[in-house]
$ cat final03.txt   # compact mmCIF, C-alpha atoms
# COMPACT_ATOMS: atom_id res chain seq x y z
CA MET A 34 -81.85 39.47 -19.32
CA ALA A 35 -82.17 37.92 -22.68
CA GLY A 36 -85.14 38.15 -24.98
CA ASP A 37 -86.31 37.45 -28.49
CA ALA A 38 -86.65 40.20 -31.08
CA GLY A 39 -88.12 39.11 -34.39
CA GLY A 40 -87.07 35.51 -33.78
CA GLN A 41 -83.38 36.52 -33.55
CA ARG A 42 -81.74 35.90 -30.18
CA GLN A 43 -79.68 38.72 -28.71
CA LEU A 44 -77.28 38.63 -25.77
CA LEU A 45 -76.95 41.32 -23.16
CA LEU A 46 -74.14 40.92 -20.65
CA GLY A 47 -74.12 42.73 -17.36
CA PRO A 48 -72.89 42.22 -13.81
CA PRO A 49 -74.98 39.65 -11.91
CA ALA A 50 -76.61 40.27 -8.61
CA ALA A 51 -74.70 39.36 -5.50
CA GLY A 52 -74.76 35.65 -4.82
CA ALA A 53 -76.47 34.93 -8.12
CA GLN A 54 -75.42 32.36 -10.69
CA ILE A 55 -76.12 33.15 -14.30
CA LEU A 56 -77.72 30.36 -16.26
CA TYR A 57 -78.26 31.02 -19.93
CA PRO A 58 -80.71 29.23 -22.18
CA VAL A 59 -79.63 27.80 -25.45
CA CYS A 60 -78.61 30.90 -27.43
CA ASP A 61 -75.86 32.43 -29.52
CA LEU A 62 -73.54 32.80 -26.49
CA GLU A 63 -71.51 29.71 -27.22
CA ARG A 64 -70.95 30.80 -30.78
CA HIS A 65 -69.90 34.28 -29.63
CA VAL A 66 -67.47 32.88 -27.05
CA LYS A 67 -65.99 30.37 -29.45
CA LEU A 68 -65.56 32.89 -32.23
CA ALA A 69 -64.20 35.50 -29.84
CA PHE A 70 -61.43 33.12 -28.89
CA GLN A 71 -60.77 32.11 -32.49
CA PHE A 72 -60.78 35.74 -33.56
CA ARG A 73 -58.32 36.75 -30.88
CA VAL A 74 -55.90 33.96 -31.84
CA ALA A 75 -56.28 34.75 -35.52
CA ARG A 76 -55.75 38.47 -34.96
CA GLU A 77 -52.58 37.81 -32.95
CA ARG A 78 -51.29 35.75 -35.85
CA PHE A 79 -52.21 38.50 -38.32
CA PHE A 80 -54.87 36.43 -40.09
CA VAL A 81 -58.00 38.45 -39.06
CA LYS A 82 -58.28 42.23 -38.89
CA SER A 83 -62.08 42.87 -38.77
CA ALA A 84 -64.91 42.43 -36.35
CA PHE A 85 -67.38 39.59 -36.54
CA HIS A 86 -71.17 39.16 -36.27
CA SER A 87 -73.50 36.70 -34.64
CA PHE A 88 -73.78 33.20 -36.01
CA PRO A 89 -76.12 30.32 -35.24
CA PRO A 90 -75.32 28.39 -32.06
CA LEU A 91 -73.17 25.23 -32.22
CA PHE A 92 -74.26 23.46 -29.06
CA PRO A 93 -76.39 24.19 -26.00
CA VAL A 94 -74.84 25.44 -22.78
CA GLN A 95 -76.50 25.22 -19.42
CA SER A 96 -74.04 26.95 -17.15
CA LEU A 97 -71.12 29.00 -18.35
CA VAL A 98 -70.35 31.64 -15.75
CA LYS A 99 -70.16 31.42 -12.01
CA GLU A 100 -69.89 34.24 -9.53
CA SER A 101 -66.23 33.65 -8.93
CA ASP A 102 -65.56 33.83 -12.67
CA ALA A 103 -67.77 36.84 -13.41
CA GLN A 104 -65.87 40.14 -13.75
CA PRO A 105 -67.76 43.43 -13.35
CA SER A 106 -67.70 45.59 -16.43
CA HIS A 107 -68.24 49.33 -16.79
CA ARG A 108 -68.39 49.19 -20.53
CA ASN A 109 -71.49 48.99 -22.62
CA PRO A 110 -73.21 45.78 -21.41
CA ALA A 111 -74.37 45.03 -24.92
CA LYS A 112 -70.85 44.81 -26.32
CA ILE A 113 -68.01 42.36 -26.04
CA ASP A 114 -64.54 43.90 -26.29
CA LEU A 115 -62.60 41.78 -28.80
CA SER A 116 -59.63 44.11 -29.08
CA ALA A 117 -56.63 41.94 -29.95
CA SER A 118 -54.18 44.17 -28.17
CA SER A 119 -56.28 44.20 -25.03
CA ALA A 120 -56.69 40.42 -24.99
CA THR A 121 -53.03 39.87 -25.66
CA GLN A 122 -51.92 42.20 -22.89
CA GLN A 123 -54.25 40.59 -20.38
CA SER A 124 -53.39 36.96 -21.15
CA HIS A 125 -49.74 37.44 -22.13
CA PRO A 126 -48.28 40.26 -20.06
CA GLN A 127 -44.90 41.40 -21.42
CA LYS A 128 -41.87 40.86 -19.22
CA ASP A 129 -38.45 42.40 -19.43
CA ARG A 130 -36.07 39.77 -20.84
CA THR A 131 -32.42 39.91 -19.83
CA VAL A 132 -29.60 37.55 -20.79
CA PRO A 133 -27.87 36.26 -17.66
CA ASN A 134 -24.13 36.63 -17.47
CA GLU A 135 -22.31 33.39 -18.35
CA PRO A 136 -20.44 31.95 -15.34
CA LYS A 137 -16.70 32.38 -15.60
CA THR A 138 -14.90 29.02 -16.01
CA LYS A 139 -11.56 28.56 -14.25
CA SER A 140 -8.70 27.68 -16.57
CA VAL A 141 -7.72 24.02 -15.99
CA THR A 142 -4.02 23.21 -15.83
CA TYR A 143 -1.96 20.04 -16.06
CA ALA A 144 -1.34 20.36 -12.31
CA ASP A 145 -5.14 20.21 -11.73
CA ALA A 146 -5.04 16.79 -13.43
CA GLY A 147 -2.32 15.68 -11.02
CA VAL A 148 0.82 16.30 -13.08
CA ASP A 149 3.03 18.96 -11.53
CA ILE A 150 5.43 19.95 -14.30
CA SER A 151 7.20 22.52 -12.13
CA SER A 152 7.90 19.97 -9.42
CA GLY A 153 9.09 17.54 -12.07
CA ASP A 154 11.46 20.11 -13.49
CA ARG A 155 12.99 20.74 -10.07
CA ALA A 156 13.46 17.00 -9.53
CA LYS A 157 15.14 16.70 -12.92
CA GLU A 158 17.68 19.32 -11.97
CA ARG A 159 18.68 17.22 -8.98
CA ILE A 160 18.74 14.09 -11.13
CA LYS A 161 21.12 15.81 -13.56
CA TYR A 162 23.56 16.52 -10.76
CA LEU A 163 23.48 12.90 -9.51
CA ALA A 164 23.77 11.44 -13.00
CA GLN A 165 26.67 13.64 -14.03
CA LYS A 166 28.75 12.20 -11.18
CA THR A 167 28.72 8.88 -13.09
CA PHE A 168 29.77 10.32 -16.46
CA ASN A 169 33.03 9.46 -18.17
CA ARG A 170 34.78 10.79 -21.27
CA ASN A 171 32.60 8.61 -23.53
CA VAL A 172 29.39 10.36 -22.54
CA LEU A 173 28.57 13.09 -25.06
CA GLY A 174 26.19 15.83 -24.00
CA GLY A 175 24.23 15.84 -20.78
CA ILE A 176 20.88 14.91 -19.29
CA GLY A 177 17.86 16.48 -20.99
CA GLY A 178 18.29 15.70 -24.67
CA PHE A 179 15.86 13.60 -26.64
CA GLY A 180 18.41 10.80 -26.70
CA ALA A 181 21.53 10.04 -24.69
CA LEU A 182 24.82 9.98 -26.59
CA PHE A 183 27.66 7.57 -25.85
CA ARG A 184 30.88 7.07 -27.81
CA LEU A 185 32.14 3.51 -28.10
CA ASP A 186 35.88 3.40 -27.49
CA MET A 187 37.20 1.62 -30.55
CA GLN A 188 40.73 1.60 -29.12
CA ARG A 189 39.49 -0.66 -26.32
CA TRP A 190 37.09 -2.81 -28.35
CA LYS A 191 38.58 -4.29 -31.50
CA ASN A 192 35.56 -6.29 -32.59
CA PRO A 193 32.85 -5.13 -30.17
CA ILE A 194 29.56 -6.89 -29.51
CA LEU A 195 26.92 -4.90 -27.62
CA VAL A 196 25.08 -6.76 -24.86
CA SER A 197 21.88 -5.35 -23.36
CA SER A 198 19.37 -6.24 -20.68
CA ALA A 199 16.27 -4.80 -19.02
CA ASP A 200 14.70 -5.65 -15.69
CA GLY A 201 12.73 -4.35 -12.73
CA VAL A 202 12.78 -4.58 -8.96
CA GLY A 203 9.42 -6.33 -8.71
CA THR A 204 7.32 -6.60 -5.56
CA LYS A 205 10.34 -6.01 -3.36
CA LEU A 206 9.18 -2.42 -3.82
CA LYS A 207 6.17 -3.18 -1.61
CA VAL A 208 8.51 -3.79 1.30
CA ALA A 209 10.41 -0.60 0.47
CA PHE A 210 7.15 1.39 0.59
CA GLU A 211 6.29 0.03 4.02
CA LEU A 212 9.73 0.79 5.45
CA GLY A 213 10.33 4.04 3.61
CA LEU A 214 13.65 2.72 2.22
CA HIS A 215 14.09 3.84 -1.36
CA GLN A 216 17.81 4.21 -1.99
CA THR A 217 18.63 0.50 -1.85
CA VAL A 218 16.09 -0.43 -4.54
CA GLY A 219 18.07 1.68 -6.99
CA VAL A 220 21.17 -0.36 -6.12
CA ASP A 221 19.17 -3.58 -6.50
CA LEU A 222 18.11 -2.65 -10.01
CA VAL A 223 21.55 -1.69 -11.31
CA ASN A 224 23.29 -4.73 -9.81
CA HIS A 225 20.68 -7.09 -11.23
CA CYS A 226 21.11 -5.68 -14.75
CA VAL A 227 24.92 -5.62 -14.45
CA ASN A 228 25.01 -9.31 -13.52
CA ASP A 229 22.79 -10.22 -16.47
CA ILE A 230 25.27 -8.90 -19.02
CA ALA A 231 28.44 -9.63 -17.07
CA VAL A 232 27.84 -13.41 -17.18
CA GLN A 233 28.27 -13.13 -20.95
CA GLY A 234 31.63 -11.44 -20.51
CA ALA A 235 30.35 -7.89 -21.12
CA THR A 236 31.61 -4.74 -19.43
CA PRO A 237 28.81 -2.30 -18.50
CA LEU A 238 28.83 0.93 -20.50
CA PHE A 239 25.69 2.88 -19.65
CA PHE A 240 22.38 2.58 -17.85
CA LEU A 241 18.93 4.17 -18.21
CA ASP A 242 16.09 4.02 -15.70
CA TYR A 243 12.31 4.30 -15.70
CA LEU A 244 10.62 5.65 -12.57
CA ALA A 245 6.83 6.07 -12.61
CA SER A 246 4.48 7.21 -9.85
CA GLY A 247 1.00 8.61 -9.41
CA LYS A 248 2.34 11.81 -7.87
CA LEU A 249 5.96 12.88 -7.93
CA ASP A 250 7.61 12.98 -4.51
CA PRO A 251 10.90 14.89 -4.95
CA GLU A 252 12.51 13.36 -1.85
CA VAL A 253 11.64 9.79 -2.81
CA THR A 254 12.72 10.40 -6.39
CA GLU A 255 16.07 11.78 -5.28
CA SER A 256 16.60 8.83 -2.94
CA VAL A 257 15.92 6.29 -5.70
CA ILE A 258 18.14 8.09 -8.21
CA THR A 259 20.90 8.39 -5.61
CA GLY A 260 20.91 4.61 -5.28
CA LEU A 261 21.00 4.20 -9.06
CA ALA A 262 23.88 6.65 -9.41
CA GLU A 263 25.93 5.08 -6.63
CA ALA A 264 25.53 1.59 -8.08
CA CYS A 265 26.34 2.80 -11.59
CA LYS A 266 29.54 4.42 -10.35
CA ALA A 267 30.52 1.29 -8.40
CA ASN A 268 30.02 -0.85 -11.52
CA GLY A 269 31.81 1.57 -13.84
CA CYS A 270 28.83 2.49 -16.02
CA ALA A 271 27.27 5.89 -16.72
CA LEU A 272 23.72 6.81 -15.81
CA ILE A 273 23.08 8.71 -19.04
CA GLY A 274 19.30 9.05 -19.11
CA GLY A 275 15.91 7.82 -18.06
CA GLU A 276 12.25 8.62 -17.69
CA THR A 277 10.47 10.05 -14.65
CA ALA A 278 6.74 9.67 -15.28
CA GLN A 279 3.81 11.10 -13.34
CA MET A 280 0.66 9.02 -13.90
CA PRO A 281 -2.24 10.23 -11.69
CA GLY A 282 -4.72 7.50 -10.83
CA PHE A 283 -2.48 4.72 -12.10
CA TYR A 284 -0.49 4.05 -8.93
CA ALA A 285 -1.60 4.10 -5.30
CA ASP A 286 -0.44 7.03 -3.19
CA GLY A 287 3.14 6.59 -2.05
CA GLU A 288 3.89 3.85 -4.57
CA TYR A 289 5.93 3.74 -7.76
CA ASP A 290 7.47 1.33 -10.24
CA LEU A 291 11.13 1.11 -11.14
CA ALA A 292 12.82 -0.51 -14.12
CA GLY A 293 16.15 -0.22 -15.86
CA PHE A 294 17.96 -0.84 -19.13
CA ILE A 295 21.69 -1.51 -19.47
CA VAL A 296 24.12 -1.76 -22.39
CA GLY A 297 27.58 -3.28 -22.25
CA ALA A 298 30.24 -4.43 -24.68
CA VAL A 299 32.53 -7.42 -25.17
CA ASP A 300 34.98 -8.38 -27.90
CA ARG A 301 33.59 -11.19 -30.00
CA ASP A 302 36.42 -13.59 -29.15
CA LYS A 303 35.89 -13.06 -25.41
CA MET A 304 32.15 -13.69 -25.26
CA VAL A 305 31.03 -16.25 -22.66
CA THR A 306 28.02 -18.15 -24.00
CA GLY A 307 28.22 -21.57 -22.36
CA ALA A 308 28.90 -23.24 -25.70
CA GLY A 309 32.19 -24.60 -24.36
CA ILE A 310 30.70 -26.30 -21.29
CA LYS A 311 31.52 -30.03 -21.23
CA ALA A 312 30.67 -32.98 -19.08
CA GLY A 313 33.11 -33.12 -16.17
CA ASP A 314 33.30 -29.35 -15.64
CA VAL A 315 33.07 -28.28 -12.02
CA LEU A 316 30.13 -26.07 -10.95
CA ILE A 317 30.95 -23.47 -8.30
CA GLY A 318 28.43 -21.23 -6.59
CA LEU A 319 28.94 -17.74 -5.21
CA PRO A 320 26.75 -16.84 -2.24
CA SER A 321 23.84 -14.40 -2.39
CA THR A 322 22.97 -11.83 0.26
CA GLY A 323 19.37 -12.98 0.48
CA LEU A 324 16.42 -13.06 -1.90
CA HIS A 325 18.05 -10.41 -4.11
CA THR A 326 15.08 -9.27 -6.27
CA ASN A 327 13.12 -12.49 -6.85
CA GLY A 328 10.50 -14.56 -5.06
CA TYR A 329 9.02 -11.63 -3.15
CA SER A 330 5.38 -12.38 -3.88
CA LEU A 331 5.68 -15.74 -2.12
CA ALA A 332 7.99 -14.40 0.61
CA ARG A 333 5.64 -11.51 1.44
CA LYS A 334 2.67 -13.85 1.59
CA LEU A 335 4.45 -16.22 3.99
CA PHE A 336 5.85 -13.46 6.22
CA PHE A 337 2.98 -11.00 6.39
CA GLU A 338 -0.11 -13.14 5.77
CA VAL A 339 0.72 -16.67 6.97
CA ALA A 340 3.00 -15.72 9.89
CA GLY A 341 1.44 -12.30 10.44
CA TYR A 342 4.77 -10.55 10.97
CA LYS A 343 5.09 -6.79 10.98
CA HIS A 344 7.79 -5.27 8.81
CA THR A 345 9.67 -3.96 11.84
CA GLN A 346 9.19 -7.11 13.93
CA TYR A 347 12.26 -9.05 15.05
CA VAL A 348 12.06 -12.69 13.98
CA THR A 349 14.11 -15.04 16.11
CA ALA A 350 14.34 -17.74 13.43
CA ILE A 351 16.25 -15.46 11.07
CA ARG A 352 17.95 -13.38 13.78
CA GLU A 353 16.86 -10.03 12.36
CA LYS A 354 13.77 -7.97 11.58
CA ALA A 355 11.45 -9.23 8.88
CA GLY A 356 11.62 -6.14 6.69
CA ALA A 357 15.40 -5.79 7.00
CA ALA A 358 15.93 -9.40 5.93
CA LEU A 359 13.81 -8.88 2.83
CA MET A 360 15.53 -5.61 1.93
CA ARG A 361 19.07 -6.97 1.75
CA THR A 362 20.71 -5.54 -1.37
CA HIS A 363 21.11 -7.56 -4.55
CA ARG A 364 24.81 -8.37 -4.87
CA SER A 365 26.89 -7.35 -7.89
CA TYR A 366 29.21 -10.12 -9.11
CA LEU A 367 30.91 -7.95 -11.72
CA HIS A 368 34.41 -7.86 -10.24
CA VAL A 369 34.67 -11.58 -9.50
CA ILE A 370 33.25 -12.38 -12.95
CA GLN A 371 35.84 -10.13 -14.59
CA LYS A 372 38.63 -11.96 -12.76
CA LEU A 373 37.40 -15.33 -13.97
CA VAL A 374 36.84 -14.14 -17.55
CA THR A 375 40.15 -12.31 -17.82
CA ALA A 376 42.03 -15.40 -16.61
CA GLY A 377 40.04 -17.64 -18.97
CA MET A 378 38.82 -19.76 -16.07
CA THR A 379 35.15 -20.21 -16.99
CA THR A 380 33.18 -21.62 -19.92
CA GLY A 381 29.77 -20.39 -18.80
CA MET A 382 28.01 -18.52 -15.99
CA ALA A 383 24.40 -18.25 -14.83
CA HIS A 384 22.86 -15.41 -12.82
CA ILE A 385 20.39 -17.08 -10.44
CA THR A 386 17.28 -14.89 -10.46
CA GLY A 387 13.57 -15.65 -10.87
CA GLY A 388 13.15 -19.37 -11.41
CA GLY A 389 16.04 -20.29 -9.11
CA ILE A 390 18.75 -22.76 -10.03
CA THR A 391 16.16 -25.02 -11.67
CA GLU A 392 15.25 -22.54 -14.39
CA ASN A 393 18.40 -20.44 -14.80
CA LEU A 394 21.26 -22.93 -14.98
CA PRO A 395 19.85 -24.73 -18.07
CA ARG A 396 19.93 -21.43 -19.98
CA ILE A 397 23.70 -21.79 -20.48
CA LEU A 398 23.89 -25.56 -21.02
CA PRO A 399 24.63 -26.84 -24.55
CA LYS A 400 22.65 -29.59 -26.23
CA ASN A 401 23.00 -33.06 -24.62
CA ILE A 402 24.48 -31.54 -21.46
CA GLY A 403 22.89 -31.47 -18.00
CA ALA A 404 23.82 -30.39 -14.48
CA GLN A 405 23.97 -32.30 -11.23
CA ILE A 406 23.56 -30.17 -8.10
CA GLU A 407 24.33 -31.58 -4.65
CA ILE A 408 21.85 -30.39 -2.04
CA GLY A 409 23.63 -29.44 1.20
CA SER A 410 26.91 -28.53 -0.47
CA TRP A 411 26.46 -24.88 0.54
CA PRO A 412 24.96 -23.21 3.60
CA VAL A 413 21.34 -22.20 2.99
CA LEU A 414 20.53 -18.83 4.53
CA PRO A 415 18.15 -18.93 7.55
CA ILE A 416 15.52 -16.85 5.74
CA PHE A 417 15.00 -19.59 3.12
CA GLU A 418 14.67 -22.33 5.75
CA HIS A 419 12.15 -20.23 7.66
CA LEU A 420 10.11 -19.50 4.53
CA ARG A 421 10.01 -23.23 3.80
CA GLU A 422 8.76 -24.00 7.32
CA LEU A 423 6.10 -21.25 7.31
CA GLY A 424 4.44 -22.49 4.14
CA GLN A 425 5.42 -26.17 4.20
CA VAL A 426 6.87 -25.40 0.76
CA SER A 427 8.24 -28.39 -1.17
CA GLN A 428 11.92 -28.56 -2.09
CA ASP A 429 11.14 -28.43 -5.81
CA GLU A 430 9.07 -25.27 -5.31
CA MET A 431 11.80 -23.65 -3.23
CA MET A 432 14.49 -24.46 -5.80
CA ARG A 433 12.50 -22.97 -8.69
CA THR A 434 11.39 -19.86 -6.81
CA PHE A 435 14.34 -18.66 -4.71
CA ASN A 436 18.11 -18.55 -5.25
CA MET A 437 18.48 -20.52 -1.99
CA GLY A 438 21.68 -18.68 -1.09
CA ILE A 439 23.49 -19.05 -4.45
CA GLY A 440 23.42 -15.94 -6.66
CA LEU A 441 25.90 -16.98 -9.37
CA ILE A 442 27.02 -20.34 -10.79
CA ALA A 443 30.17 -20.70 -12.93
CA ALA A 444 31.27 -23.74 -14.90
CA ILE A 445 35.02 -24.32 -14.46
CA PRO A 446 36.91 -26.88 -16.61
CA ALA A 447 38.27 -29.58 -14.34
CA ALA A 448 41.84 -28.93 -15.54
CA LYS A 449 41.59 -25.28 -14.48
CA PHE A 450 39.80 -25.73 -11.18
CA ALA A 451 42.94 -25.50 -9.01
CA ARG A 452 43.99 -22.22 -10.59
CA ALA A 453 40.49 -20.83 -10.37
CA LYS A 454 40.38 -21.72 -6.70
CA ASN A 455 43.67 -19.94 -6.03
CA LEU A 456 42.49 -16.88 -7.94
CA LEU A 457 39.28 -16.62 -5.90
CA ASP A 458 41.05 -17.31 -2.62
CA ARG A 459 43.56 -14.51 -3.26
CA ALA A 460 40.70 -12.15 -4.08
CA GLU A 461 38.95 -13.29 -0.86
CA LYS A 462 35.86 -14.26 -2.81
CA LYS A 463 33.96 -17.04 -1.06
CA PHE A 464 32.58 -19.84 -3.23
CA TYR A 465 31.29 -23.41 -2.90
CA VAL A 466 31.65 -26.44 -5.14
CA ILE A 467 27.98 -27.30 -5.63
CA GLY A 468 27.97 -29.87 -8.47
CA ARG A 469 29.23 -31.08 -11.82
CA VAL A 470 28.32 -30.97 -15.48
CA VAL A 471 27.06 -34.30 -16.82
CA LYS A 472 25.57 -35.67 -20.00
CA GLY A 473 21.86 -35.00 -20.12
CA ASP A 474 19.03 -33.04 -21.65
CA ARG A 475 19.69 -29.50 -20.41
CA ARG A 476 18.05 -30.08 -17.05
CA VAL A 477 19.13 -29.84 -13.43
CA GLN A 478 19.19 -32.94 -11.28
CA TYR A 479 19.33 -32.59 -7.48
CA THR A 480 21.19 -35.22 -5.46
$ encode --input "final03.txt" --output "structure tokens"
Amino acid sequence: MAGDAGGQRQLLLGPPAAGAQILYPVCDLERHVKLAFQFRVARERFFVKSAFHSFPPLFPVQSLVKESDAQPSHRNPAKIDLSASSATQQSHPQKDRTVPNEPKTKSVTYADAGVDISSGDRAKERIKYLAQKTFNRNVLGGIGGFGALFRLDMQRWKNPILVSSADGVGTKLKVAFELGLHQTVGVDLVNHCVNDIAVQGATPLFFLDYLASGKLDPEVTESVITGLAEACKANGCALIGGETAQMPGFYADGEYDLAGFIVGAVDRDKMVTGAGIKAGDVLIGLPSTGLHTNGYSLARKLFFEVAGYKHTQYVTAIREKAGAALMRTHRSYLHVIQKLVTAGMTTGMAHITGGGITENLPRILPKNIGAQIEIGSWPVLPIFEHLRELGQVSQDEMMRTFNMGIGLIAAIPAAKFARAKNLLDRAEKKFYVIGRVVKGDRRVQYT
């Protein structure tokens, strides 16, 4: 199929016989094939626009075409079609190109992130109603402003000193979650804060709260705020504002945190600071209702981990259910404090909270003054004795963790003790003589 003519090799291409394999001797075929490819690429890139001729071979080829690769041709067998358009169409067939429609993205809202503003707005309307029931003539404006407004009555306070405090309910809330009791924790918070400023002779003026949860539950929120409002009204202070925060992913489902801030006032000459406490003063203690709002991490561990009690389980040793005993409301001592302060019967008072008598009584003692507390001079509530037994807790640890049944301690000058006793007896306020003030280094000694 190939022959020499004048020493110049020529190539004739034609369809092979059936079953045959074409083997070509060393000739110009490889140069033709190579240049055909280069020419096609160059033509597509607009570099070459003319035909080409034969060139000397570059390298020998022994087998280039097999039967399966051979394509029959009806064109002139002596020609190779190097048409750029033909080659391009065969190797790069054109396809219709369409731009797909972009998927429509749903608009993301704050509610999708877990914050339901609409639900929060409805809860706030209910909060406004509850809060307004505590208002007095000194509250200016209503709930919803950027800041709450309160007018200080300068006819009542001649030389007023503002007294403030902030606190929380702590892990007592864990018990509330288990039992589904939310109203009493609001009372706990207000009473705790009221006692903190009342022991300095202050009268509560207004209160603000902070309630935060992962997802707002309107019923729970209303229950908590109801407790706050009731306690504020009972203590004569206005619930003038607060913050209800939704924080998705921050709190476990069904849980929340609760804190409060209170402001009161006292005339400078009626402040009770403890500076007048002297050796020989009598220390009286007013009973607590239970743990109040302190020591719950240890109490919960002893009840629910060590003893394995259920929250609704009746415990014979304390003669009531475990959860109910832990949920007893923090007592407000405001009215009895006001009686003692108004009559000038006390030189200093301590609210017994976290840290027990050991840590709180020294806070009001002057320099070079100490306190002597007589163990057994008051009845210790059964819950404290049972907690001690469950954990084999030492006396020192108990006295610096729990209030041990005494929620308030007042220092009474010895010369005024008889009158103070008569005052408290007439008011039917139970108290116990639990120790005396002695010379010392601002520490508590237990005898």
$ atom_distance --input "final03.txt" --atom1 "atom CA of Gly377 of chain A" --atom2 "atom CA of Glu461 of chain A"
18.7 Å
$ atom_distance --input "final03.txt" --atom1 "atom CA of Pro320 of chain A" --atom2 "atom CA of Gly438 of chain A"
5.5 Å
$ closest_residue --input "final03.txt" --among "A:Gly269, A:Pro395, A:Gly387, A:Gly147" --to "Pro237 of chain A" --atoms "all atoms listed in the file"
A:Gly269
$ closest_residue --input "final03.txt" --among "A:Lys266, A:Lys303, A:Lys161, A:Arg352" --to "Val220 of chain A" --atoms "only C-alpha atoms"
A:Lys266
$ residues_around --input "final03.txt" --residues "Gly293 of chain A" --least-positions-apart "6" --cutoff "6 Å" --atoms "all atoms listed in the file" --output "PyMOL selection string"
chain A and resi 199-200+241-243
$ write_last_selection --input "final03.txt" --atoms "C-alpha atoms" --output "short mmCIF file (atom, residue, chain, number, x, y, z; two decimals), keeping the file's coordinate frame"
data_model
loop_
_atom_site.label_atom_id
_atom_site.label_comp_id
_atom_site.auth_asym_id
_atom_site.auth_seq_id
_atom_site.Cartn_x
_atom_site.Cartn_y
_atom_site.Cartn_z
CA ALA A 199 16.27 -4.80 -19.02
CA ASP A 200 14.70 -5.65 -15.69
CA LEU A 241 18.93 4.17 -18.21
CA ASP A 242 16.09 4.02 -15.70
CA TYR A 243 12.31 4.30 -15.70
#
$ closest_residue --input "final03.txt" --among "A:Arg459, A:Lys472, A:Arg364, A:Lys372" --to "Gly440 of chain A" --atoms "all atoms listed in the file"
A:Arg364
$ closest_residue --input "final03.txt" --among "A:Thr277, A:Asn192, A:Thr259, A:Ser198" --to "Arg301 of chain A" --atoms "all atoms listed in the file"
A:Asn192
$ closest_residue --input "final03.txt" --among "A:Leu272, A:Leu331, A:Ala453, A:Leu261" --to "Gly175 of chain A" --atoms "all atoms listed in the file"
A:Leu272
$ atom_distance --input "final03.txt" --atom1 "atom CA of Leu316 of chain A" --atom2 "atom CA of Thr386 of chain A"
17.0 Å
$ closest_residue --input "final03.txt" --among "A:Ile439, A:Val227, A:Ile467, A:Leu423" --to "Ala340 of chain A" --atoms "only C-alpha atoms"
A:Leu423
$ axis_aligned_box --input "final03.txt" --around "segment 225-233 of chain A" --padding-each-side "3 Å" --output "JSON"
{"center_x": 24.6, "center_y": -9.5, "center_z": -16.1, "size_x": 13.8, "size_y": 13.8, "size_z": 15.7}
$ residues_around --input "final03.txt" --residues "Asn169 of chain A" --least-positions-apart "6" --cutoff "12 Å" --atoms "all atoms listed in the file" --output "PyMOL selection string"
chain A and resi 175+182-186+238-239+265-266+269-273
$ residues_around --input "final03.txt" --residues "His325 of chain A" --least-positions-apart "5" --cutoff "9 Å" --atoms "all atoms listed in the file" --output "PyMOL selection string"
chain A and resi 205+221+225+359-364+386+436+440
$ residues_near_point --input "final03.txt" --point "(30.1, -25.4, -3.8)" --cutoff "6 Å" --atoms "only C-alpha atoms" --output "PDB file with C-alpha atoms, in the coordinates of the input"
ATOM      1  CA  ILE A 317      30.950 -23.470  -8.300  1.00  0.00           C
ATOM      2  CA  GLY A 318      28.430 -21.230  -6.590  1.00  0.00           C
ATOM      3  CA  SER A 410      26.910 -28.530  -0.470  1.00  0.00           C
ATOM      4  CA  TRP A 411      26.460 -24.880   0.540  1.00  0.00           C
ATOM      5  CA  TYR A 465      31.290 -23.410  -2.900  1.00  0.00           C
ATOM      6  CA  VAL A 466      31.650 -26.440  -5.140  1.00  0.00           C
ATOM      7  CA  ILE A 467      27.980 -27.300  -5.630  1.00  0.00           C
TER       8      ILE A 467
END
$ build_atoms --input "final03.txt" --residues "segment 232-239 of chain A" --atoms "N, CA and C atoms" --output "CSV table (one decimal), in the frame of the given file"
chain,number,residue,atom,x,y,z
A,232,VAL,N,27.7,-12.0,-17.0
A,232,VAL,CA,27.8,-13.4,-17.2
A,232,VAL,C,28.1,-13.8,-18.6
A,233,GLN,N,27.9,-12.9,-19.5
A,233,GLN,CA,28.3,-13.1,-21.0
A,233,GLN,C,29.6,-12.5,-21.3
A,234,GLY,N,30.3,-12.0,-20.3
A,234,GLY,CA,31.6,-11.4,-20.5
A,234,GLY,C,31.6,-10.0,-20.8
A,235,ALA,N,30.5,-9.3,-20.8
A,235,ALA,CA,30.4,-7.9,-21.1
A,235,ALA,C,30.7,-7.0,-20.0
A,236,THR,N,31.3,-5.8,-20.4
A,236,THR,CA,31.6,-4.7,-19.4
A,236,THR,C,30.5,-3.7,-19.5
A,237,PRO,N,29.9,-3.3,-18.4
A,237,PRO,CA,28.8,-2.3,-18.5
A,237,PRO,C,29.3,-1.0,-19.1
A,238,LEU,N,28.5,-0.4,-19.9
A,238,LEU,CA,28.8,0.9,-20.5
A,238,LEU,C,27.9,2.0,-20.0
A,239,PHE,N,26.6,1.9,-20.1
A,239,PHE,CA,25.7,2.9,-19.6
A,239,PHE,C,24.4,2.3,-19.2
